[in-house]
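Peer 1: Here you go, this is work.tsv (TSV, C-alpha atoms).
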```
chain	number	residue	atom	x	y	z
A	297	MET	CA	45.47	-113.36	60.54
A	298	ARG	CA	44.73	-115.06	63.88
A	299	LEU	CA	47.16	-117.87	65.03
A	300	LYS	CA	46.24	-121.03	66.89
A	301	PRO	CA	47.82	-121.78	70.36
A	302	ARG	CA	49.92	-124.57	68.90
A	303	GLN	CA	51.46	-122.22	66.41
A	304	HIS	CA	52.28	-119.71	69.19
A	305	ILE	CA	54.20	-122.44	71.07
A	306	ARG	CA	56.10	-123.42	67.92
A	307	ILE	CA	57.14	-119.82	67.26
A	308	LEU	CA	58.36	-119.52	70.89
A	309	LEU	CA	60.50	-122.64	70.60
A	310	ILE	CA	62.02	-121.33	67.37
A	311	PHE	CA	63.05	-118.07	69.09
A	312	ILE	CA	64.66	-119.99	72.00
A	313	THR	CA	66.56	-122.33	69.69
A	314	SER	CA	67.80	-119.42	67.61
A	315	ALA	CA	69.14	-117.66	70.69
A	316	PHE	CA	71.58	-120.52	71.32
A	317	ALA	CA	72.54	-120.77	67.70
A	318	PHE	CA	74.92	-117.76	67.62
A	319	PRO	CA	78.58	-118.70	67.06
A	320	LEU	CA	80.65	-119.33	70.16
A	321	SER	CA	84.52	-118.97	70.24
A	322	GLY	CA	84.64	-118.18	66.55
A	323	GLN	CA	83.04	-121.46	65.51
A	324	VAL	CA	80.38	-121.56	62.84
A	325	VAL	CA	77.20	-123.02	64.07
A	326	ARG	CA	74.24	-123.94	61.88
A	327	SER	CA	71.23	-121.65	62.46
A	328	PHE	CA	67.68	-122.83	62.89
A	329	TYR	CA	66.36	-119.30	61.84
A	330	THR	CA	65.09	-120.27	58.41
A	331	PRO	CA	63.33	-118.04	55.79
A	332	LEU	CA	60.02	-119.63	56.64
A	333	VAL	CA	60.42	-118.67	60.27
A	334	ASP	CA	61.38	-115.13	59.25
A	335	SER	CA	58.29	-114.79	57.06
A	336	ILE	CA	56.02	-116.05	59.84
A	337	CYS	CA	57.51	-113.57	62.34
A	338	ARG	CA	57.16	-110.67	59.97
A	339	ASN	CA	53.55	-111.51	59.21
A	340	THR	CA	52.79	-111.80	62.90
A	341	LEU	CA	54.23	-108.35	63.68
A	342	ASP	CA	52.34	-106.79	60.79
A	343	CYS	CA	49.11	-108.29	62.01
A	344	ILE	CA	49.75	-106.95	65.50
A	345	ARG	CA	50.38	-103.46	64.12
A	346	ILE	CA	47.29	-103.59	61.91
A	347	LYS	CA	45.19	-104.74	64.83
A	348	GLN	CA	46.42	-101.85	66.98
A	349	SER	CA	45.66	-99.35	64.18
A	350	LEU	CA	42.20	-100.74	63.63
A	351	THR	CA	41.54	-100.71	67.37
A	352	LEU	CA	42.47	-97.00	67.52
A	353	GLN	CA	40.27	-96.22	64.49
A	354	GLU	CA	37.38	-98.08	66.07
A	355	TYR	CA	37.83	-96.02	69.24
A	356	GLU	CA	37.85	-92.75	67.27
A	357	ILE	CA	34.77	-93.76	65.29
A	358	ASP	CA	32.92	-94.69	68.48
A	359	ARG	CA	33.85	-91.34	70.05
A	360	GLU	CA	32.71	-89.36	66.97
A	361	ALA	CA	29.49	-91.36	66.82
A	362	GLU	CA	28.82	-90.54	70.46
A	363	GLN	CA	29.45	-86.83	69.80
A	364	ILE	CA	27.11	-86.87	66.78
A	365	HIS	CA	24.48	-88.64	68.82
A	366	ASN	CA	24.76	-85.98	71.56
A	367	THR	CA	24.49	-83.20	68.93
A	368	ILE	CA	21.40	-84.83	67.41
A	369	GLU	CA	19.78	-84.99	70.85
A	370	VAL	CA	20.49	-81.26	71.44
A	371	MET	CA	19.08	-80.34	68.02
A	372	ASN	CA	15.99	-82.45	68.64
A	373	ARG	CA	15.41	-80.61	71.92
A	374	HIS	CA	15.77	-77.24	70.12
A	375	LEU	CA	13.43	-78.42	67.38
A	376	GLU	CA	10.82	-79.48	69.90
A	377	SER	CA	11.17	-76.14	71.70
A	378	ASN	CA	10.70	-74.23	68.42
A	379	ARG	CA	7.68	-76.34	67.53
A	380	LEU	CA	6.06	-75.58	70.88
A	381	GLU	CA	6.85	-71.87	70.49
A	382	LYS	CA	5.32	-71.86	66.99
A	383	GLN	CA	2.15	-73.49	68.31
A	384	THR	CA	1.93	-70.84	71.02
A	385	VAL	CA	2.30	-67.98	68.47
A	386	GLN	CA	-0.29	-69.53	66.15
A	387	ALA	CA	-2.73	-69.85	69.04
A	388	GLU	CA	-2.21	-66.16	69.94
A	389	LEU	CA	-2.72	-65.09	66.29
A	390	ALA	CA	-5.89	-67.11	66.07
A	391	ALA	CA	-7.18	-65.45	69.25
A	392	ILE	CA	-6.36	-61.97	67.86
A	393	ASN	CA	-8.08	-62.77	64.55
A	394	ARG	CA	-11.18	-63.95	66.37
A	395	HIS	CA	-11.20	-60.71	68.36
A	396	ILE	CA	-10.86	-58.61	65.18
A	397	ASP	CA	-13.65	-60.57	63.50
A	398	SER	CA	-15.87	-59.93	66.50
A	399	LEU	CA	-15.31	-56.15	66.12
A	400	ILE	CA	-16.26	-56.08	62.41
A	401	PRO	CA	-20.04	-55.92	61.92
A	402	LYS	CA	-21.45	-58.76	59.92
A	403	ARG	CA	-22.69	-58.02	56.43
A	404	PRO	CA	-26.49	-57.94	56.31
A	405	ASN	CA	-28.30	-60.48	54.22
A	406	GLY	CA	-29.01	-59.44	50.67
A	407	PRO	CA	-27.09	-58.61	47.50
A	408	ARG	CA	-23.50	-57.54	47.90
A	409	PRO	CA	-22.75	-53.85	47.26
A	410	LYS	CA	-21.23	-53.07	43.89
A	411	THR	CA	-17.49	-52.53	43.93
A	412	ASN	CA	-16.25	-49.11	42.83
A	413	ILE	CA	-14.70	-49.46	39.37
A	414	ILE	CA	-11.97	-46.99	40.37
A	415	ASP	CA	-10.90	-49.25	43.25
A	416	ILE	CA	-10.70	-52.17	40.83
A	417	LEU	CA	-8.50	-50.33	38.35
A	418	SER	CA	-5.76	-49.28	40.75
A	419	ASP	CA	-5.19	-48.34	44.36
A	420	ARG	CA	-3.24	-45.32	43.09
A	421	LEU	CA	-6.44	-43.68	41.83
A	422	SER	CA	-8.55	-41.36	43.94
A	423	PHE	CA	-11.91	-40.06	42.75
A	424	HIS	CA	-14.09	-37.59	44.60
A	425	GLY	CA	-16.39	-34.65	43.99
A	426	ASN	CA	-19.96	-33.49	44.47
A	427	TYR	CA	-23.17	-32.72	42.63
A	428	GLY	CA	-26.31	-30.92	43.61
A	429	LEU	CA	-29.13	-28.51	42.89
A	430	ASN	CA	-29.25	-24.82	43.81
A	431	ILE	CA	-32.73	-23.27	44.13
A	432	ASN	CA	-33.86	-19.65	44.53
A	433	GLN	CA	-37.43	-18.36	44.68
A	434	LEU	CA	-39.08	-14.93	44.84
A	435	VAL	CA	-42.82	-14.52	45.48
A	436	LEU	CA	-44.51	-11.09	45.51
A	437	ASN	CA	-48.17	-10.31	46.20
A	438	ASN	CA	-49.48	-6.75	46.49
A	439	TRP	CA	-45.91	-5.57	46.98
A	440	ALA	CA	-45.85	-1.78	46.88
A	441	ALA	CA	-42.18	-1.57	45.93
A	442	GLY	CA	-42.88	-3.63	42.83
A	443	GLY	CA	-41.14	-6.65	41.45
A	444	GLU	CA	-41.82	-9.87	39.61
A	445	ASN	CA	-42.35	-13.42	40.82
A	446	SER	CA	-39.54	-15.73	39.79
A	447	TRP	CA	-37.69	-18.86	40.62
A	448	ALA	CA	-34.29	-20.11	39.58
A	449	GLY	CA	-32.62	-23.48	39.63
A	450	LYS	CA	-29.08	-24.57	38.85
A	451	ALA	CA	-27.68	-28.08	38.60
A	452	PHE	CA	-23.96	-28.48	39.13
A	453	ALA	CA	-21.34	-31.21	39.36
A	454	ASN	CA	-17.66	-31.20	40.22
A	455	PHE	CA	-15.15	-34.02	40.24
A	456	SER	CA	-11.44	-34.68	40.68
A	457	LEU	CA	-9.63	-37.79	39.44
A	458	VAL	CA	-6.03	-38.17	40.63
A	459	TYR	CA	-3.52	-40.85	39.61
A	460	HIS	CA	-0.46	-40.65	41.82
A	461	LYS	CA	2.84	-42.49	41.42
A	462	LEU	CA	6.28	-42.02	42.90
A	463	LYS	CA	7.69	-40.03	39.96
A	464	PHE	CA	4.64	-38.20	38.58
A	465	GLU	CA	1.04	-37.26	39.24
A	466	GLN	CA	-1.90	-36.90	36.86
A	467	ARG	CA	-4.97	-34.89	37.81
A	468	LEU	CA	-8.21	-34.47	35.87
A	469	THR	CA	-10.78	-32.02	37.25
A	470	GLY	CA	-14.14	-30.95	35.90
A	471	ALA	CA	-16.75	-28.36	36.79
A	472	PHE	CA	-20.17	-28.29	35.13
A	473	ALA	CA	-23.18	-26.06	35.76
A	474	PHE	CA	-26.44	-25.23	34.02
A	475	GLY	CA	-29.19	-23.03	35.43
A	476	VAL	CA	-32.36	-21.29	34.30
A	477	SER	CA	-34.71	-18.65	35.69
A	478	ARG	CA	-38.46	-18.52	35.14
A	479	PHE	CA	-40.45	-15.32	35.56
A	480	ALA	CA	-44.15	-14.67	36.08
A	481	ASP	CA	-44.72	-13.84	32.42
A	482	LYS	CA	-43.58	-17.40	31.56
A	483	ARG	CA	-40.26	-16.10	30.23
A	484	ILE	CA	-37.37	-18.45	30.77
A	485	GLU	CA	-33.80	-17.20	30.75
A	486	LYS	CA	-30.51	-19.03	31.06
A	487	GLN	CA	-28.86	-18.21	34.36
A	488	ASP	CA	-25.64	-20.23	34.30
A	489	ASP	CA	-23.83	-22.38	31.74
A	490	LYS	CA	-20.35	-23.77	32.26
A	491	ILE	CA	-18.08	-26.57	31.03
A	492	ASP	CA	-14.59	-26.47	32.58
A	493	LEU	CA	-12.10	-29.31	32.21
A	494	THR	CA	-8.48	-29.31	33.39
A	495	TYR	CA	-5.78	-31.95	32.94
A	496	ALA	CA	-2.46	-31.55	34.77
A	497	LEU	CA	0.67	-33.71	34.61
A	498	SER	CA	3.33	-32.98	37.24
A	499	LEU	CA	6.71	-34.59	37.83
A	500	ASN	CA	7.36	-35.25	41.50
A	501	GLY	CA	10.76	-33.88	42.44
A	502	LYS	CA	12.63	-33.58	45.69
A	503	THR	CA	11.37	-30.04	46.28
A	504	GLN	CA	7.96	-28.37	46.19
A	505	TRP	CA	8.79	-26.88	42.77
A	506	ASN	CA	8.03	-29.32	39.95
A	507	PHE	CA	7.77	-29.26	36.18
A	508	SER	CA	4.10	-29.38	35.14
A	509	THR	CA	1.96	-29.38	32.04
A	510	VAL	CA	-1.65	-28.14	32.22
A	511	VAL	CA	-4.38	-28.36	29.58
A	512	THR	CA	-7.65	-26.47	30.15
A	513	PHE	CA	-10.87	-26.47	28.14
A	514	ASN	CA	-13.79	-24.07	28.65
A	515	SER	CA	-17.11	-23.84	26.85
A	516	GLN	CA	-20.88	-23.93	27.41
A	517	PHE	CA	-23.85	-26.25	26.79
A	518	ALA	CA	-26.61	-24.14	25.18
A	519	ASP	CA	-27.19	-20.99	23.17
A	520	GLY	CA	-26.92	-17.67	24.95
A	521	TYR	CA	-29.02	-14.56	24.31
A	522	LYS	CA	-28.91	-10.94	25.33
A	523	TYR	CA	-32.09	-10.96	27.36
A	524	PRO	CA	-34.85	-9.82	27.19
A	525	ASN	CA	-34.13	-10.22	23.46
A	526	ASP	CA	-34.14	-13.98	22.91
A	527	SER	CA	-34.09	-13.91	19.12
A	528	THR	CA	-30.42	-13.15	18.54
A	529	VAL	CA	-27.80	-15.72	19.55
A	530	ILE	CA	-24.68	-14.23	21.11
A	531	SER	CA	-22.98	-17.51	22.13
A	532	SER	CA	-23.45	-21.26	21.76
A	533	PHE	CA	-21.72	-24.60	22.29
A	534	PHE	CA	-18.11	-24.28	21.08
A	535	ALA	CA	-18.75	-20.62	20.35
A	536	PRO	CA	-16.72	-19.69	22.17
A	537	ALA	CA	-14.52	-22.54	23.42
A	538	TYR	CA	-11.05	-21.99	24.83
A	539	LEU	CA	-8.24	-24.56	24.77
A	540	THR	CA	-5.06	-23.62	26.64
A	541	LEU	CA	-1.83	-25.63	26.81
A	542	SER	CA	0.66	-24.48	29.44
A	543	ALA	CA	4.05	-25.89	30.40
A	544	GLY	CA	6.16	-24.55	33.20
A	545	TYR	CA	6.95	-24.89	36.86
A	546	SER	CA	4.40	-25.36	39.62
A	547	TYR	CA	4.59	-24.91	43.36
A	548	LYS	CA	2.28	-26.39	45.92
A	549	THR	CA	2.23	-26.59	49.68
A	550	ARG	CA	2.43	-29.96	51.39
A	551	ASN	CA	-1.26	-29.81	52.37
A	552	ASP	CA	-2.27	-28.99	48.74
A	553	ARG	CA	-4.19	-25.88	49.84
A	554	PHE	CA	-2.13	-23.52	47.70
A	555	GLN	CA	-0.94	-24.23	44.17
A	556	VAL	CA	0.50	-21.94	41.51
A	557	LEU	CA	1.61	-22.64	37.94
A	558	PHE	CA	3.84	-20.25	36.01
A	559	SER	CA	4.15	-20.93	32.28
A	560	PRO	CA	6.32	-18.46	30.35
A	561	VAL	CA	5.19	-19.90	27.01
A	562	ALA	CA	1.57	-21.05	26.72
A	563	GLY	CA	-0.67	-21.59	23.74
A	564	LYS	CA	-4.32	-20.53	23.70
A	565	VAL	CA	-6.81	-21.30	20.94
A	566	THR	CA	-10.24	-19.69	20.73
A	567	PHE	CA	-12.89	-21.65	18.80
A	568	VAL	CA	-16.02	-20.02	17.35
A	569	MET	CA	-17.77	-22.83	15.49
A	570	ASN	CA	-20.99	-20.88	14.99
A	571	GLN	CA	-20.42	-19.42	11.54
A	572	GLU	CA	-22.81	-16.53	12.05
A	573	LEU	CA	-20.85	-15.39	15.10
A	574	ALA	CA	-17.54	-16.07	13.30
A	575	ASP	CA	-18.64	-13.84	10.44
A	576	GLN	CA	-19.25	-11.07	12.96
A	577	GLY	CA	-15.72	-11.49	14.36
A	578	ALA	CA	-17.02	-12.46	17.81
A	579	PHE	CA	-14.56	-13.43	20.57
A	580	GLY	CA	-11.49	-12.29	18.65
A	581	VAL	CA	-11.64	-14.34	15.44
A	582	LYS	CA	-11.20	-12.63	12.08
A	583	LYS	CA	-14.61	-11.60	10.82
A	584	GLY	CA	-15.95	-12.16	7.33
A	585	TYR	CA	-15.75	-9.59	4.59
A	586	TYR	CA	-16.43	-9.03	0.91
A	587	GLY	CA	-13.46	-9.50	-1.36
A	588	GLN	CA	-12.47	-7.28	-4.27
A	589	ASP	CA	-14.47	-9.47	-6.61
A	590	GLY	CA	-17.56	-9.00	-4.48
A	591	HIS	CA	-17.57	-12.54	-3.11
A	592	TRP	CA	-18.20	-13.06	0.59
A	593	ILE	CA	-15.23	-14.45	2.49
A	594	PRO	CA	-16.49	-16.10	5.70
A	595	GLY	CA	-14.96	-15.37	9.06
A	596	GLU	CA	-12.40	-17.69	10.60
A	597	ASN	CA	-13.40	-20.17	13.29
A	598	ILE	CA	-10.08	-20.32	15.15
A	599	ALA	CA	-7.93	-17.62	16.73
A	600	PRO	CA	-4.56	-18.81	18.11
A	601	ALA	CA	-2.49	-16.90	20.64
A	602	ILE	CA	0.78	-17.33	22.54
A	603	GLY	CA	1.49	-15.77	25.89
A	604	VAL	CA	2.24	-16.13	29.59
A	605	ASN	CA	-0.19	-18.16	31.67
A	606	ILE	CA	-0.43	-18.04	35.48
A	607	ILE	CA	-2.88	-20.26	37.38
A	608	ILE	CA	-3.42	-19.95	41.13
A	609	ASN	CA	-5.54	-22.34	43.22
A	610	TYR	CA	-6.27	-21.74	46.88
A	611	LYS	CA	-8.68	-23.35	49.33
A	612	GLN	CA	-9.05	-22.74	53.02
A	613	PRO	CA	-11.53	-24.00	55.63
A	614	ILE	CA	-12.88	-21.25	57.87
A	615	GLY	CA	-13.96	-23.02	61.01
A	616	LYS	CA	-15.76	-26.36	60.79
A	617	SER	CA	-18.65	-25.38	58.52
A	618	ILE	CA	-17.29	-22.74	56.12
A	619	HIS	CA	-15.05	-23.52	53.14
A	620	TYR	CA	-13.51	-21.00	50.76
A	621	ALA	CA	-12.02	-21.85	47.36
A	622	THR	CA	-10.69	-19.62	44.60
A	623	VAL	CA	-9.16	-20.12	41.15
A	624	LEU	CA	-7.37	-17.28	39.34
A	625	ASN	CA	-6.32	-17.76	35.71
A	626	THR	CA	-4.48	-14.98	33.89
A	627	PHE	CA	-3.17	-14.96	30.31
A	628	TYR	CA	-0.86	-12.28	28.86
A	629	ASN	CA	-1.03	-12.33	25.06
A	630	TYR	CA	2.34	-11.92	23.28
A	631	MET	CA	0.68	-11.49	19.88
A	632	GLU	CA	-1.53	-8.49	20.67
A	633	ARG	CA	-0.67	-5.26	22.45
A	634	ARG	CA	-2.71	-2.32	23.63
A	635	ASP	CA	-2.30	1.19	22.27
A	636	ASP	CA	0.14	1.99	25.10
A	637	GLY	CA	2.34	-1.00	24.19
A	638	ARG	CA	1.34	-3.23	27.09
A	639	LEU	CA	0.41	-6.87	26.65
A	640	ARG	CA	-3.29	-7.61	26.54
A	641	LEU	CA	-4.53	-9.43	29.60
A	642	ASP	CA	-7.33	-11.97	30.05
A	643	VAL	CA	-8.49	-12.70	33.61
A	644	ASN	CA	-10.81	-15.42	34.88
A	645	TRP	CA	-11.34	-15.41	38.67
A	646	GLU	CA	-13.84	-17.68	40.45
A	647	ASN	CA	-14.60	-17.51	44.19
A	648	THR	CA	-16.82	-19.94	46.11
A	649	VAL	CA	-17.84	-19.78	49.76
A	650	ASN	CA	-19.68	-22.86	51.03
A	651	PHE	CA	-21.63	-22.60	54.30
A	652	VAL	CA	-22.37	-26.17	55.39
A	653	ILE	CA	-25.72	-26.44	57.17
A	654	THR	CA	-26.15	-30.20	57.25
A	655	LYS	CA	-24.59	-33.15	55.48
A	656	TYR	CA	-26.71	-32.55	52.37
A	657	LEU	CA	-27.72	-28.90	52.71
A	658	SER	CA	-25.49	-25.86	52.14
A	659	THR	CA	-25.61	-22.19	51.34
A	660	ILE	CA	-23.29	-21.36	48.45
A	661	VAL	CA	-22.05	-17.88	47.55
A	662	PHE	CA	-20.44	-17.71	44.11
A	663	VAL	CA	-18.65	-14.68	42.64
A	664	HIS	CA	-17.15	-14.82	39.16
A	665	LEU	CA	-15.06	-11.99	37.67
A	666	LYS	CA	-13.95	-12.15	34.06
A	667	TYR	CA	-12.15	-9.85	31.66
A	668	ASP	CA	-11.50	-10.82	28.04
A	669	HIS	CA	-10.22	-8.20	25.64
A	670	ASN	CA	-11.81	-10.10	22.74
A	671	THR	CA	-15.29	-9.97	24.29
A	672	THR	CA	-16.73	-6.51	23.66
A	673	PHE	CA	-19.88	-4.69	24.70
A	674	PRO	CA	-21.61	-1.81	22.92
A	675	VAL	CA	-21.23	1.76	24.11
A	676	TYR	CA	-24.35	3.87	23.61
A	677	GLU	CA	-24.69	7.59	23.15
A	678	GLU	CA	-27.82	9.63	22.64
A	679	ILE	CA	-27.71	11.18	19.19
A	680	GLU	CA	-30.67	13.35	18.25
A	681	GLY	CA	-32.70	11.72	21.00
A	682	VAL	CA	-31.88	8.15	19.90
A	683	GLN	CA	-29.59	5.73	21.77
A	684	THR	CA	-26.96	4.86	19.21
A	685	VAL	CA	-24.06	2.42	19.40
A	686	VAL	CA	-20.87	4.41	18.96
A	687	ASP	CA	-18.24	1.84	19.99
A	688	ASN	CA	-17.61	-1.71	21.26
A	689	VAL	CA	-15.14	-2.10	24.11
A	690	PRO	CA	-14.17	-4.92	26.51
A	691	LYS	CA	-15.55	-4.59	30.03
A	692	LEU	CA	-15.19	-6.36	33.35
A	693	GLN	CA	-17.82	-9.10	33.61
A	694	LEU	CA	-19.38	-9.96	36.97
A	695	LYS	CA	-21.59	-12.88	37.98
A	696	GLU	CA	-22.76	-13.39	41.57
A	697	SER	CA	-25.21	-15.87	43.03
A	698	VAL	CA	-26.41	-16.90	46.49
A	699	GLY	CA	-28.68	-19.84	47.10
A	700	ILE	CA	-29.61	-22.90	49.09
A	701	ALA	CA	-28.11	-26.02	47.57
A	702	PHE	CA	-28.76	-29.70	48.03
A	703	VAL	CA	-25.31	-31.27	47.76
A	704	HIS	CA	-24.14	-34.87	47.72
A	705	ASN	CA	-20.42	-35.51	48.16
A	706	PHE	CA	-18.69	-38.66	46.91
```
For the file at hand, write its structure as structure tokens.
Peer 2:
Amino acid sequence: MRLKPRQHIRILLIFITSAFAFPLSGQVVRSFYTPLVDSICRNTLDCIRIKQSLTLQEYEIDREAEQIHNTIEVMNRHLESNRLEKQTVQAELAAINRHIDSLIPKRPNGPRPKTNIIDILSDRLSFHGNYGLNINQLVLNNWAAGGENSWAGKAFANFSLVYHKLKFEQRLTGAFAFGVSRFADKRIEKQDDKIDLTYALSLNGKTQWNFSTVVTFNSQFADGYKYPNDSTVISSFFAPAYLTLSAGYSYKTRNDRFQVLFSPVAGKVTFVMNQELADQGAFGVKKGYYGQDGHWIPGENIAPAIGVNIIINYKQPIGKSIHYATVLNTFYNYMERRDDGRLRLDVNWENTVNFVITKYLSTIVFVHLKYDHNTTFPVYEEIEGVQTVVDNVPKLQLKESVGIAFVHNF
């Protein structure tokens, strides 16, 4: 509450009058200090105190406002500096992008190339392989040493599909081949026939030893004959066919050039779906026979086996233009033993040497060794001047080919 000047003078006179109103010489003197005057004085002092407090608060508020204002100015300067720095970085990025775009050749006009379906499915997939045609020719004219004109051709294809994740890896590989030979007398013979499929699932551990499961399938496309006799079929599609399931531990080097799988317990099933061959007991199935009642009991089409399976893969470049690859597959049969008590052994060993001439032209040397105790060959002896079959025994099988091949890699 703010007082007028006249009121200030009145209050001063009241204080002076009251000072002379104290009792003198023990006499009682009437006081002019009335309750109204006391109330006015108290209100005046309270107002003065309130004014001082408000003045101090106003000073503190002004000081804090000034500090906040200074802080806002500093932050605005930092913000402007950051904005300028951001503009500088964006300008540099734009310049780098323009430089990168200038290095990338522009796509020619025309339809866009088709996207690989494997790339669309997942970036964890890798798909590669090759296919080609191998050709051999022999021409003889007035050749004193003798011989026969012939040519041979073989089409082949190989692929590998790998799906790799952090904890496991799946790999599907395939190898296909079919070849024929034609001789001067118009006779055509099958030269090569192969269907090989392998599926492998491996768990990726912390070491180079991992638990793996491998499934292999082997068969052929067309009928096979014992040439020059082309009237009797000795093999056909799914006769035989081999399905092997192996589970064990695998080891591979970090560059994937050497891999080995050891499976102490593996299952192998031989299929002979050609009933005529099954009745003969070909490739280890139980052959047909006549029962006691004289009825014919056909041969079985399936022959299961359990054993130890070992698969070894190795590939090694020799220089810049020579590549060597080998696959060794061995199977020890627990269910059948030889006469000396040893386990029967099946071996399948393929060796390929590729001499690269140009990007699309190569010389390929292929050597295939195979031993199957269920695949037998006749043993002949001359009896009374006639070659007679006296026994059928398994033998080491060998196939070797050398030729010029047109190859396309993908």
Peer 1: Tell me, as a PyMOL selection string, which residues lie within 10 Å of stretch 614-623 of chain A, counting only C-alpha atoms; anything in the same chain fewer than 6 positions away does not count.
Peer 2: chain A and resi 553-556+607-608+644-654+658-664
Peer 1: Please, what distance in Å, to one decimal, runs between atom CA of A:Asp635 and atom CA of A:Val689?
Peer 2: 13.4 Å
Peer 1: Kindly indicate which residue among A:Trp447, A:Tyr586, A:Tyr427, A:Tyr667 lies nearest to A:Arg483, using only C-alpha atoms for the distances.
Peer 2: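 Of A:Trp447, A:Tyr586, A:Tyr427, A:Tyr667, the one nearest A:Arg483 is A:Trp447, counting only C-alpha atoms.
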Peer 1: Report as JSON, numbers by chain all protein, DNA and RNA residues lying within 6 Å of stretch 450-462 of chain A, evaluated on all atoms listed in the file, omitting residues in the same chain fewer than 4 positions from it.
Peer 2: {"A": [420, 421, 422, 423, 424, 425, 426, 427, 428, 429, 430, 466, 467, 468, 469, 470, 471, 472, 473, 474, 475]}
Peer 1: In Å to one decimal, how far is atom CA of A:Leu539 from atom CA of A:Val568?
Peer 2: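 Interatomic distance here is 11.7 Å.
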Peer 1: Quick check, in Å to one decimal: how far apart do atom CA of A:Pro600 and atom CA of A:Asn670 lie?
Peer 2: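 Taking atom CA of A:Pro600 and atom CA of A:Asn670, their separation equals 12.2 Å.
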